[in-house]
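To be precise, the following lines are upload15.cif, and they hold mmCIF, C-alpha atoms.
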data_run
loop_
_atom_site.label_atom_id
_atom_site.label_comp_id
_atom_site.auth_asym_id
_atom_site.auth_seq_id
_atom_site.Cartn_x
_atom_site.Cartn_y
_atom_site.Cartn_z
CA MET V 1 7.29 -27.05 -66.27
CA LYS V 2 9.14 -30.37 -66.57
CA SER V 3 11.50 -29.04 -69.21
CA LEU V 4 12.19 -25.99 -67.09
CA ALA V 5 13.00 -28.26 -64.14
CA LEU V 6 15.25 -30.38 -66.35
CA ILE V 7 17.14 -27.32 -67.60
CA SER V 8 17.74 -25.97 -64.10
CA VAL V 9 18.80 -29.41 -62.85
CA VAL V 10 21.23 -29.83 -65.74
CA ILE V 11 22.70 -26.38 -65.10
CA THR V 12 23.10 -27.09 -61.39
CA GLY V 13 24.64 -30.46 -62.14
CA TRP V 14 27.04 -28.92 -64.63
CA LEU V 15 28.12 -26.31 -62.07
CA LEU V 16 28.73 -29.00 -59.48
CA LEU V 17 30.61 -31.21 -61.93
CA SER V 18 32.83 -28.35 -63.03
CA ALA V 19 34.06 -28.17 -59.43
CA VAL V 20 34.88 -31.90 -59.32
CA GLY V 21 38.41 -31.24 -60.54
CA ASP V 22 39.23 -29.44 -57.30
CA PHE V 23 38.14 -32.29 -55.05
CA PRO V 24 40.71 -34.72 -53.62
CA TYR V 25 41.16 -38.19 -55.09
CA TRP V 26 39.42 -41.18 -53.60
CA GLY V 27 41.16 -42.37 -50.44
CA ASP V 28 43.76 -39.62 -50.41
CA PRO V 29 45.16 -39.49 -46.84
CA ASN V 30 46.54 -36.01 -47.50
CA SER V 31 43.24 -34.45 -48.54
CA PRO V 32 42.29 -31.34 -46.55
CA ALA V 33 39.55 -33.13 -44.63
CA ASN V 34 41.84 -35.99 -43.62
CA SER V 35 45.07 -34.14 -42.93
CA TYR V 36 43.56 -31.30 -40.92
CA ARG V 37 44.85 -31.47 -37.34
CA LEU V 38 41.36 -31.75 -35.83
CA SER V 39 40.69 -35.00 -37.65
CA GLN V 40 44.18 -36.23 -36.86
CA HIS V 41 43.65 -35.36 -33.22
CA PHE V 42 40.40 -37.30 -33.12
CA VAL V 43 42.14 -40.36 -34.53
CA THR V 44 45.34 -40.34 -32.51
CA GLU V 45 44.32 -38.77 -29.19
CA THR V 46 40.75 -39.94 -28.55
CA PHE V 47 41.81 -43.18 -26.89
CA HIS V 48 44.34 -41.42 -24.70
CA GLU V 49 41.92 -38.71 -23.63
CA THR V 50 38.71 -40.68 -23.15
CA ALA V 51 39.67 -44.40 -23.11
CA VAL V 52 37.02 -45.08 -25.76
CA PRO V 53 38.25 -47.28 -28.64
CA ASN V 54 35.40 -46.26 -30.96
CA MET V 55 36.39 -42.80 -32.12
CA VAL V 56 33.00 -42.10 -33.66
CA THR V 57 31.25 -42.58 -30.32
CA ALA V 58 33.80 -40.44 -28.52
CA VAL V 59 33.53 -37.59 -31.02
CA LEU V 60 29.75 -37.89 -31.07
CA ALA V 61 29.08 -37.92 -27.36
CA ASP V 62 32.02 -36.00 -25.95
CA TYR V 63 33.87 -33.67 -28.31
CA ARG V 64 30.72 -32.77 -30.21
CA GLY V 65 28.35 -33.21 -27.29
CA TYR V 66 26.49 -29.97 -27.94
CA ASP V 67 25.81 -30.98 -31.52
CA THR V 68 24.48 -34.38 -30.54
CA MET V 69 22.35 -32.96 -27.75
CA PHE V 70 20.60 -30.58 -30.11
CA GLU V 71 20.28 -33.27 -32.78
CA THR V 72 18.35 -35.18 -30.15
CA VAL V 73 16.25 -32.07 -29.53
CA VAL V 74 15.61 -31.88 -33.29
CA ILE V 75 14.29 -35.44 -33.24
CA PHE V 76 12.14 -34.63 -30.22
CA THR V 77 10.80 -31.52 -31.96
CA ALA V 78 10.02 -33.56 -35.07
CA GLY V 79 8.01 -35.99 -32.95
CA ILE V 80 6.09 -33.16 -31.30
CA ALA V 81 5.50 -31.56 -34.71
CA ILE V 82 4.08 -34.79 -36.14
CA ILE V 83 1.76 -35.21 -33.17
CA SER V 84 0.55 -31.63 -33.41
CA ILE V 85 0.01 -31.94 -37.18
CA LEU V 86 -1.70 -35.31 -37.29
CA ARG V 87 -3.21 -36.20 -33.93
CA VAL V 88 -6.98 -35.94 -33.85
CA PHE V 89 -9.00 -36.23 -30.67
CA ARG V 90 -12.50 -37.29 -31.55
CA SER V 91 -15.39 -37.13 -29.12
CA ASP V 92 -15.86 -40.92 -29.30
CA ASP V 93 -12.23 -41.39 -28.32
CA GLN V 94 -13.05 -42.49 -24.79
CA VAL V 95 -15.63 -45.03 -25.92
CA ALA V 96 -13.43 -46.52 -28.58
CA SER V 97 -10.38 -46.93 -26.41
CA GLY V 98 -12.37 -48.64 -23.67
CA GLN V 99 -13.44 -51.54 -25.83
CA THR V 100 -11.67 -53.24 -28.68
CA VAL V 101 -13.28 -51.91 -31.81
CA TYR V 102 -12.59 -54.98 -33.86
CA GLU V 103 -11.55 -58.45 -32.94
CA LYS V 104 -8.97 -59.69 -35.39
CA ARG V 105 -7.04 -62.84 -34.68
CA PRO V 106 -3.43 -62.30 -35.71
CA ASP V 107 -1.98 -64.72 -38.20
CA LEU V 108 -0.49 -67.71 -36.36
CA ILE V 109 2.82 -67.89 -38.24
CA VAL V 110 3.41 -64.13 -38.21
CA ASP V 111 2.47 -63.87 -34.55
CA THR V 112 4.69 -66.75 -33.45
CA THR V 113 7.66 -65.56 -35.47
CA CYS V 114 7.41 -62.03 -34.11
CA ARG V 115 6.95 -63.35 -30.58
CA LEU V 116 10.29 -65.12 -30.97
CA MET V 117 12.06 -62.30 -32.73
CA ILE V 118 11.01 -59.28 -30.71
CA PRO V 119 12.93 -60.18 -27.52
CA ILE V 120 16.04 -60.89 -29.59
CA ILE V 121 15.68 -57.59 -31.43
CA GLN V 122 15.32 -55.72 -28.16
CA LEU V 123 18.27 -57.53 -26.61
CA PHE V 124 20.36 -56.69 -29.67
CA ALA V 125 19.26 -53.06 -29.41
CA LEU V 126 20.43 -52.93 -25.80
CA TYR V 127 23.73 -54.50 -26.85
CA VAL V 128 24.18 -51.90 -29.60
CA ILE V 129 23.51 -49.09 -27.12
CA ALA V 130 25.71 -50.43 -24.34
CA HIS V 131 28.53 -51.63 -26.57
CA GLY V 132 28.74 -48.46 -28.64
CA HIS V 133 32.11 -47.66 -27.13
CA HIS V 134 33.83 -50.75 -28.48
CA SER V 135 31.96 -51.60 -31.67
CA PRO V 136 29.82 -49.79 -34.21
CA GLY V 137 26.76 -48.62 -32.36
CA GLY V 138 25.46 -46.11 -29.91
CA GLY V 139 22.31 -44.36 -28.87
CA PHE V 140 20.98 -43.45 -32.30
CA GLN V 141 21.45 -46.88 -33.82
CA GLY V 142 20.29 -48.81 -30.78
CA GLY V 143 17.33 -46.50 -30.33
CA VAL V 144 16.20 -47.05 -33.90
CA ILE V 145 16.47 -50.84 -33.47
CA PHE V 146 14.52 -50.68 -30.22
CA GLY V 147 11.85 -48.52 -31.83
CA ALA V 148 11.69 -51.02 -34.70
CA SER V 149 10.81 -53.78 -32.25
CA PHE V 150 7.74 -51.84 -31.11
CA ILE V 151 6.85 -51.12 -34.72
CA LEU V 152 7.09 -54.86 -35.38
CA ILE V 153 4.57 -55.51 -32.59
CA ALA V 154 2.23 -52.97 -34.15
CA LEU V 155 2.72 -54.47 -37.62
CA SER V 156 2.37 -58.11 -36.69
CA ARG V 157 -0.68 -57.73 -34.45
CA ASP V 158 -2.31 -54.32 -34.34
CA LEU V 159 -1.65 -50.87 -32.96
CA GLN V 160 -3.57 -51.54 -29.75
CA ALA V 161 -1.30 -54.47 -28.91
CA ALA V 162 1.72 -52.20 -29.18
CA HIS V 163 -0.05 -49.55 -27.15
CA LYS V 164 -0.20 -51.93 -24.23
CA TRP V 165 3.58 -51.67 -24.04
CA VAL V 166 4.07 -48.10 -25.22
CA PRO V 167 0.96 -46.01 -24.56
CA GLU V 168 1.05 -42.53 -25.98
CA ASN V 169 1.82 -40.68 -22.77
CA ARG V 170 4.64 -43.10 -21.98
CA VAL V 171 6.16 -42.48 -25.40
CA LEU V 172 6.23 -38.75 -24.81
CA ASN V 173 7.56 -39.16 -21.28
CA LEU V 174 10.37 -41.38 -22.59
CA ALA V 175 11.28 -38.84 -25.26
CA GLY V 176 11.46 -36.06 -22.71
CA ILE V 177 13.36 -38.16 -20.17
CA GLY V 178 15.97 -38.96 -22.81
CA ILE V 179 16.78 -35.31 -23.39
CA LEU V 180 16.69 -34.62 -19.65
CA ILE V 181 19.23 -37.40 -19.04
CA TYR V 182 21.50 -35.89 -21.68
CA ALA V 183 21.11 -32.34 -20.41
CA GLY V 184 21.40 -33.60 -16.83
CA PHE V 185 24.92 -34.82 -17.43
CA GLY V 186 25.79 -31.39 -18.78
CA LEU V 187 24.13 -29.59 -15.89
CA VAL V 188 25.84 -31.73 -13.25
CA ALA V 189 29.17 -30.92 -14.87
CA MET V 190 28.20 -27.25 -14.79
CA PHE V 191 27.24 -27.33 -11.10
CA LEU V 192 30.57 -28.97 -10.30
CA GLY V 193 32.30 -25.92 -11.74
CA GLN V 194 33.14 -26.97 -15.30
CA ASN V 195 31.71 -26.19 -18.69
CA PHE V 196 28.38 -27.62 -19.81
CA LEU V 197 28.86 -31.25 -20.97
CA ASP V 198 32.51 -31.34 -19.83
CA TYR V 199 32.32 -34.85 -18.40
CA ALA V 200 35.79 -35.06 -16.92
CA ILE V 201 34.70 -33.19 -13.80
CA LEU V 202 32.09 -35.89 -13.11
CA HIS V 203 34.82 -37.99 -11.49
CA LYS V 204 33.84 -36.13 -8.32
CA VAL V 205 30.43 -37.82 -8.25
CA MET V 206 31.32 -41.22 -9.67
CA PRO V 207 34.03 -43.63 -8.58
CA ALA V 208 36.35 -43.05 -11.51
CA THR V 209 39.32 -41.07 -12.72
CA PRO V 210 38.57 -38.07 -14.98
CA ILE V 211 39.27 -40.16 -18.08
CA GLU V 212 36.99 -42.95 -16.90
CA ALA V 213 34.36 -40.36 -16.00
CA ARG V 214 34.32 -39.25 -19.63
CA TYR V 215 34.04 -42.88 -20.70
CA HIS V 216 31.08 -43.63 -18.43
CA SER V 217 29.32 -40.32 -19.02
CA MET V 218 29.30 -41.09 -22.73
CA LEU V 219 27.37 -44.28 -22.00
CA GLY V 220 24.93 -42.20 -19.94
CA VAL V 221 24.21 -39.70 -22.68
CA GLU V 222 23.95 -42.49 -25.26
CA ILE V 223 21.21 -44.04 -23.12
CA GLY V 224 19.46 -40.68 -23.08
CA VAL V 225 19.69 -40.45 -26.87
CA ALA V 226 18.39 -44.00 -27.17
CA PHE V 227 15.31 -43.19 -25.05
CA THR V 228 14.40 -40.23 -27.24
CA VAL V 229 15.07 -41.98 -30.55
CA THR V 230 13.11 -45.09 -29.51
CA ALA V 231 10.12 -43.04 -28.44
CA ILE V 232 10.06 -40.71 -31.42
CA MET V 233 10.55 -43.47 -34.00
CA TYR V 234 7.56 -45.31 -32.60
CA SER V 235 5.59 -42.07 -32.29
CA ILE V 236 6.21 -41.18 -35.95
CA TYR V 237 5.12 -44.64 -37.05
CA SER V 238 2.00 -44.87 -34.90
CA ASN V 239 0.78 -41.41 -35.88
CA LEU V 240 1.36 -41.97 -39.58
CA VAL V 241 -0.28 -45.39 -39.87
CA SER V 242 -3.35 -44.54 -37.79
CA LYS V 243 -3.86 -41.15 -39.48
CA GLY V 244 -3.53 -39.57 -36.07
CA THR V 245 -6.36 -41.48 -34.42
CA MET V 246 -4.09 -43.97 -32.64
CA LYS V 247 -6.77 -46.63 -32.98
CA GLU V 248 -6.16 -48.83 -35.94
CA GLY V 249 -2.92 -49.28 -37.77
CA LEU V 250 -2.15 -51.06 -40.99
CA MET E 23 40.29 -39.59 -74.15
CA GLU E 24 41.49 -37.00 -71.67
CA PHE E 25 37.88 -36.33 -70.81
CA PHE E 26 37.25 -39.96 -69.87
CA GLU E 27 40.39 -40.08 -67.79
CA ALA E 28 39.22 -37.01 -65.89
CA ILE E 29 35.92 -38.78 -65.19
CA SER E 30 37.41 -42.10 -64.18
CA ALA E 31 39.90 -40.48 -61.81
CA LYS E 32 37.10 -38.91 -59.80
CA PHE E 33 34.16 -41.09 -60.80
CA ASN E 34 32.76 -41.08 -57.25
CA TYR E 35 31.96 -37.36 -57.36
CA TRP E 36 30.24 -37.80 -60.72
CA ILE E 37 28.03 -40.47 -59.19
CA TYR E 38 27.10 -38.28 -56.22
CA VAL E 39 26.26 -35.35 -58.47
CA ILE E 40 24.10 -37.56 -60.70
CA ILE E 41 22.25 -39.06 -57.70
CA MET E 42 21.83 -35.60 -56.20
CA MET E 43 20.42 -34.22 -59.45
CA ILE E 44 17.96 -37.12 -59.71
CA GLY E 45 16.70 -36.15 -56.27
CA LEU E 46 16.60 -32.46 -57.14
CA TYR E 47 14.68 -33.16 -60.34
CA ALA E 48 12.16 -35.26 -58.42
CA MET E 49 11.70 -32.46 -55.87
CA ILE E 50 11.11 -29.82 -58.58
CA ALA E 51 9.27 -31.64 -61.34
CA LYS E 52 7.09 -34.23 -59.62
CA ASN E 53 3.54 -33.29 -58.74
CA ASN E 54 3.01 -36.01 -56.16
CA MET E 55 4.04 -34.93 -52.66
CA VAL E 56 5.27 -38.40 -51.70
CA LYS E 57 7.45 -38.49 -54.82
CA LYS E 58 8.87 -35.11 -53.82
CA LEU E 59 9.77 -36.56 -50.43
CA ILE E 60 11.38 -39.57 -52.11
CA GLY E 61 13.42 -37.07 -54.11
CA MET E 62 14.44 -35.35 -50.88
CA SER E 63 15.62 -38.68 -49.47
CA ILE E 64 17.63 -39.41 -52.63
CA PHE E 65 19.22 -35.98 -52.35
CA GLN E 66 20.16 -36.64 -48.71
CA THR E 67 21.60 -40.02 -49.64
CA ALA E 68 23.89 -38.36 -52.18
CA ILE E 69 25.14 -35.92 -49.54
CA ILE E 70 25.75 -38.77 -47.08
CA LEU E 71 27.71 -40.75 -49.69
CA PHE E 72 29.73 -37.65 -50.53
CA TYR E 73 30.67 -36.98 -46.91
CA VAL E 74 31.55 -40.56 -46.07
CA SER E 75 33.72 -40.86 -49.18
CA ILE E 76 35.70 -37.80 -48.07
CA GLY E 77 36.71 -39.64 -44.90
CA VAL E 78 38.12 -42.64 -46.75
CA LYS E 79 41.87 -43.18 -46.60
CA ASP E 80 43.76 -45.75 -48.64
CA GLY E 81 44.74 -48.73 -46.50
CA ALA E 82 42.82 -47.45 -43.50
CA THR E 83 40.20 -49.32 -41.52
CA ILE E 84 37.05 -48.18 -39.73
CA PRO E 85 37.66 -45.62 -36.96
CA ILE E 86 37.60 -48.17 -34.13
CA LEU E 87 40.82 -49.31 -32.50
CA TYR E 88 41.94 -52.90 -32.87
CA HIS E 89 41.29 -55.19 -29.97
CA ASP E 90 45.03 -55.68 -29.55
CA GLN E 91 45.60 -51.97 -29.11
CA VAL E 92 42.87 -51.63 -26.49
CA HIS E 93 44.09 -54.76 -24.80
CA ALA E 94 47.68 -53.56 -24.80
CA GLY E 95 46.62 -50.57 -22.77
CA HIS E 96 45.05 -52.74 -20.09
CA HIS E 97 47.94 -55.14 -20.20
CA HIS E 98 50.31 -52.32 -19.50
CA ASP E 99 48.33 -51.15 -16.51
CA ASP E 100 48.60 -54.60 -15.00
CA HIS E 101 52.26 -55.28 -15.51
CA GLY E 102 53.90 -51.91 -15.33
CA ASP E 103 57.32 -51.73 -16.89
CA ASP E 104 57.29 -55.12 -18.59
CA ALA E 105 55.15 -53.86 -21.42
CA HIS E 106 57.10 -50.67 -21.58
CA HIS E 107 60.35 -52.39 -22.47
CA GLY E 108 58.62 -54.28 -25.22
CA SER E 109 57.73 -51.10 -27.07
CA THR E 110 60.58 -48.64 -26.68
CA ASP E 111 59.63 -46.71 -29.79
CA HIS E 112 60.23 -43.12 -30.70
CA HIS E 113 56.71 -42.14 -29.64
CA ASP E 114 57.43 -42.84 -25.97
CA THR E 115 59.95 -40.06 -25.74
CA SER E 116 57.59 -37.49 -27.21
CA HIS E 117 55.58 -37.12 -24.03
CA GLY E 118 58.30 -37.74 -21.51
CA GLY E 119 57.61 -41.20 -20.13
CA ASP E 120 54.35 -42.76 -19.10
CA HIS E 121 52.20 -42.40 -15.99
CA GLU E 122 52.01 -38.66 -16.21
CA THR E 123 49.62 -37.37 -13.59
CA ASP E 124 47.95 -34.07 -12.95
CA GLU E 125 48.04 -32.20 -9.65
CA PHE E 126 45.38 -34.45 -8.11
CA GLY E 127 47.22 -37.65 -8.98
CA TYR E 128 44.97 -38.64 -11.85
CA PRO E 129 46.55 -39.86 -15.10
CA THR E 130 46.46 -37.25 -17.85
CA ARG E 131 46.61 -39.81 -20.67
CA HIS E 132 44.98 -43.19 -20.84
CA ALA E 133 47.37 -45.97 -21.90
CA PRO E 134 50.18 -43.66 -23.04
CA ASP E 135 52.16 -46.57 -24.51
CA VAL E 136 49.59 -47.37 -27.17
CA HIS E 137 50.67 -45.88 -30.45
CA ILE E 138 47.85 -44.99 -32.83
CA ASP E 139 48.69 -44.47 -36.46
CA GLY E 140 46.91 -41.37 -37.70
CA ASP E 141 46.63 -42.71 -41.24
CA GLY E 142 45.56 -46.20 -40.21
CA PHE E 143 41.97 -45.25 -39.40
CA ALA E 144 39.35 -43.51 -41.48
CA ASN E 145 38.36 -39.97 -40.60
CA PRO E 146 35.83 -40.28 -37.74
CA LEU E 147 34.50 -36.72 -38.02
CA VAL E 148 32.54 -37.26 -41.22
CA HIS E 149 31.02 -40.45 -39.79
CA VAL E 150 29.77 -38.51 -36.77
CA LEU E 151 28.27 -35.79 -38.94
CA MET E 152 26.48 -38.30 -41.15
CA LEU E 153 25.33 -40.44 -38.22
CA THR E 154 23.30 -37.54 -36.88
CA ALA E 155 22.30 -36.45 -40.39
CA ILE E 156 20.71 -39.84 -41.08
CA VAL E 157 18.56 -39.73 -37.97
CA VAL E 158 17.57 -36.11 -38.54
CA GLY E 159 16.80 -37.03 -42.16
CA VAL E 160 14.39 -39.70 -40.91
CA SER E 161 12.75 -37.14 -38.63
CA THR E 162 12.32 -34.56 -41.38
CA LEU E 163 10.96 -37.26 -43.67
CA GLY E 164 8.45 -38.15 -40.95
CA VAL E 165 7.35 -34.53 -40.62
CA GLY E 166 7.04 -34.30 -44.41
CA LEU E 167 4.88 -37.41 -44.55
CA ALA E 168 2.74 -36.08 -41.72
CA ILE E 169 2.14 -32.83 -43.59
CA THR E 170 1.32 -34.82 -46.73
CA GLN E 171 -1.20 -36.89 -44.79
CA LYS E 172 -2.75 -33.73 -43.38
CA LEU E 173 -3.03 -32.29 -46.90
CA HIS E 174 -4.74 -35.47 -48.03
CA ARG E 175 -7.17 -35.18 -45.16
CA GLU E 176 -7.96 -31.56 -46.07
CA PHE E 177 -8.05 -31.75 -49.86
CA GLY E 178 -8.48 -35.44 -50.67
CA THR E 179 -5.42 -35.44 -52.92
CA ILE E 180 -1.65 -35.25 -52.69
CA GLU E 181 -1.11 -33.94 -56.24
CA GLU E 182 0.32 -30.45 -56.04
CA ASN E 183 -1.54 -29.01 -59.04
CA GLU E 184 -4.89 -30.37 -57.86
CA ILE E 185 -4.35 -28.79 -54.45
CA HIS E 186 -3.55 -25.48 -56.19
CA ASP E 187 -6.76 -25.73 -58.21
CA LEU E 188 -8.82 -26.52 -55.14
CA ILE E 189 -7.38 -23.55 -53.24
CA LYS E 190 -8.08 -21.22 -56.21
CA SER E 191 -11.61 -22.50 -56.78
CA GLY E 192 -12.40 -22.30 -53.08
CA LYS E 193 -11.78 -18.55 -52.97
#
Take the structure in the file and write it out as structure tokens.
Amino acid sequence: MKSLALISVVITGWLLLSAVGDFPYWGDPNSPANSYRLSQHFVTETFHETAVPNMVTAVLADYRGYDTMFETVVIFTAGIAIISILRVFRSDDQVASGQTVYEKRPDLIVDTTCRLMIPIIQLFALYVIAHGHHSPGGGFQGGVIFGASFILIALSRDLQAAHKWVPENRVLNLAGIGILIYAGFGLVAMFLGQNFLDYAILHKVMPATPIEARYHSMLGVEIGVAFTVTAIMYSIYSNLVSKGTMKEGL
Amino acid sequence: MEFFEAISAKFNYWIYVIIMMIGLYAMIAKNNMVKKLIGMSIFQTAIILFYVSIGVKDGATIPILYHDQVHAGHHHDDHGDDAHHGSTDHHDTSHGGDHETDEFGYPTRHAPDVHIDGDGFANPLVHVLMLTAIVVGVSTLGVGLAITQKLHREFGTIEENEIHDLIKSGK
């Protein structure tokens, strides 16, 4: 079995390596991917068309808005899938959640350090989300950092402590609200007579020029993405560590 | 000697293929489900490296405009023609003067005086594709781990061959 796997892997690798000669050299500005006019347009025209200095954010949230919206839906679906695979509802669920099953004092040093760090992590996450237009960042990155802060609460104390801040129903609501915010921007654009997710028309409902409307709408959809990613990252963690019971973590 | 030159000229692709094949081997040959998922992650990492390396340009920086360029746009809005005289380059003539407006009086181009060098910034498209791929990779990894945990709950093992034996003996 192992030798068979090795043979097939070597053959696949050899096939891939035999195509290496056709690939462009490292850092070649004239390679097909770099010289194609779409990529050139994204580099040279993004700032003029959307006023966003970070081209990655502009391409992510505006030019490829459909893609990003359904990536967010993929993450949401993954969270729902994990809950439906793992979550167990036992009959003693009500009793156990009413009283703390075990009283464990958290470690003093760990608890104090996390107490100090968690607000800073969350503040940094908000900065990454809000400043995604001007620096590396955006909804996905900021959402993951924000979700990590909740995971840190659950790690440093226990899962119930984190559940005080993010109970299960709130997690799912947040995930859904995130996608609704994103789709809402698209729907408003549609009701104003433009294509789905064509933000420029939103200048009619916000005090901005069409270019600024694209700029601000991108922040809006990034916030939606951040909601979903935060919620699902924490949901994945809490379901995996508690084996679906949501009672006791690591 | 020619062979080694061919490798060194495109060494990056060789590295991605080797990393990818390590992941593929782990996915095929390993019995442990978690090790299979680790292989899947290694495979994804190779793809991400491959894509990002395609977007690299020699002498280019990350696809975010310099502060000066962004600032120049705002500066121009404040002072009108002063900034315009400072930068009477060829690019200004290409779109027939600045402050073009559409029929409703809105500007069609933000900061038309700012010139952006197409080869000065890395290709943003591959970064966007990989940004979403990373997050989706985390989600699929989470689903994979959840299924593994469910298997462990059902069969008491995460070794593939033991699960096969248990299914066969159960029937």
Where does stretch 66-172 of chain V meet stretch 177-184 of chain V within 9 Å, residue by residue, with the nearest atom pair and distance in Å to one decimal for each, counting only C-alpha atoms, listed by chain and rising number, as CSV?
residue,atom,partner,partner_atom,distance
V:Met69,CA,V:Tyr182,CA,6.8
V:Thr72,CA,V:Ile179,CA,6.9
V:Val73,CA,V:Ile179,CA,7.0
V:Phe76,CA,V:Ile179,CA,8.3
V:Leu172,CA,V:Ile177,CA,8.5
Interface residues on chain V facing chain E, 6 Å, all atoms listed in the file, written as a compact mmCIF listing (two decimals) with C-alpha atoms, in the frame of the given file:
# COMPACT_ATOMS: atom_id res chain seq x y z
CA LYS V 2 9.14 -30.37 -66.57
CA ALA V 5 13.00 -28.26 -64.14
CA GLY V 27 41.16 -42.37 -50.44
CA ASP V 28 43.76 -39.62 -50.41
CA PRO V 29 45.16 -39.49 -46.84
CA GLN V 40 44.18 -36.23 -36.86
CA VAL V 43 42.14 -40.36 -34.53
CA THR V 44 45.34 -40.34 -32.51
CA HIS V 48 44.34 -41.42 -24.70
CA GLU V 49 41.92 -38.71 -23.63
CA ALA V 51 39.67 -44.40 -23.11
CA PRO V 53 38.25 -47.28 -28.64
CA ASN V 54 35.40 -46.26 -30.96
CA MET V 55 36.39 -42.80 -32.12
CA VAL V 56 33.00 -42.10 -33.66
CA LEU V 60 29.75 -37.89 -31.07
CA ILE V 75 14.29 -35.44 -33.24
CA ALA V 78 10.02 -33.56 -35.07
CA ILE V 82 4.08 -34.79 -36.14
Report as AutoDock Vina command-line options the centre and the edge lengths, in Å to one decimal, of the axis-aligned box holding every listed atom of stretch 38-50 of chain V, padded by 6 Å on each side.
--center_x 42.0 --center_y -37.5 --center_z -30.4 --size_x 18.6 --size_y 23.4 --size_z 26.5
*Calculate how many Å separate atom CA of V:Ile153 from atom CA of V:Ile109, rounding to one decimal.*
13.7 Å
*asked:* Given only C-alpha atoms as the basis, pick out the residue of E:Gly192, E:Val56, E:Phe126, E:Glu24 nearest to E:His174.
replied: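 Nearest candidate to E:His174 out of E:Gly192, E:Val56, E:Phe126, E:Glu24: E:Val56.
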*Any idea what the distance is between atom CA of V:Pro32 and atom CA of E:Phe26?*
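If I compute the distance from atom CA of V:Pro32 to atom CA of E:Phe26, I get 25.4 Å.
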*Quote the spacing between atom CA of V:Ala226 and atom CA of V:Val128 in Å to one decimal place.*
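Computing the Euclidean distance for atom CA of V:Ala226 and atom CA of V:Val128 yields 10.1 Å.
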*Shortest interatomic distance to V:Gly244 - which of V:Val229, V:Met218, V:Val88, V:Ile7, counting all atoms listed in the file*: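 Closest to V:Gly244, using all atoms listed in the file: V:Val88.
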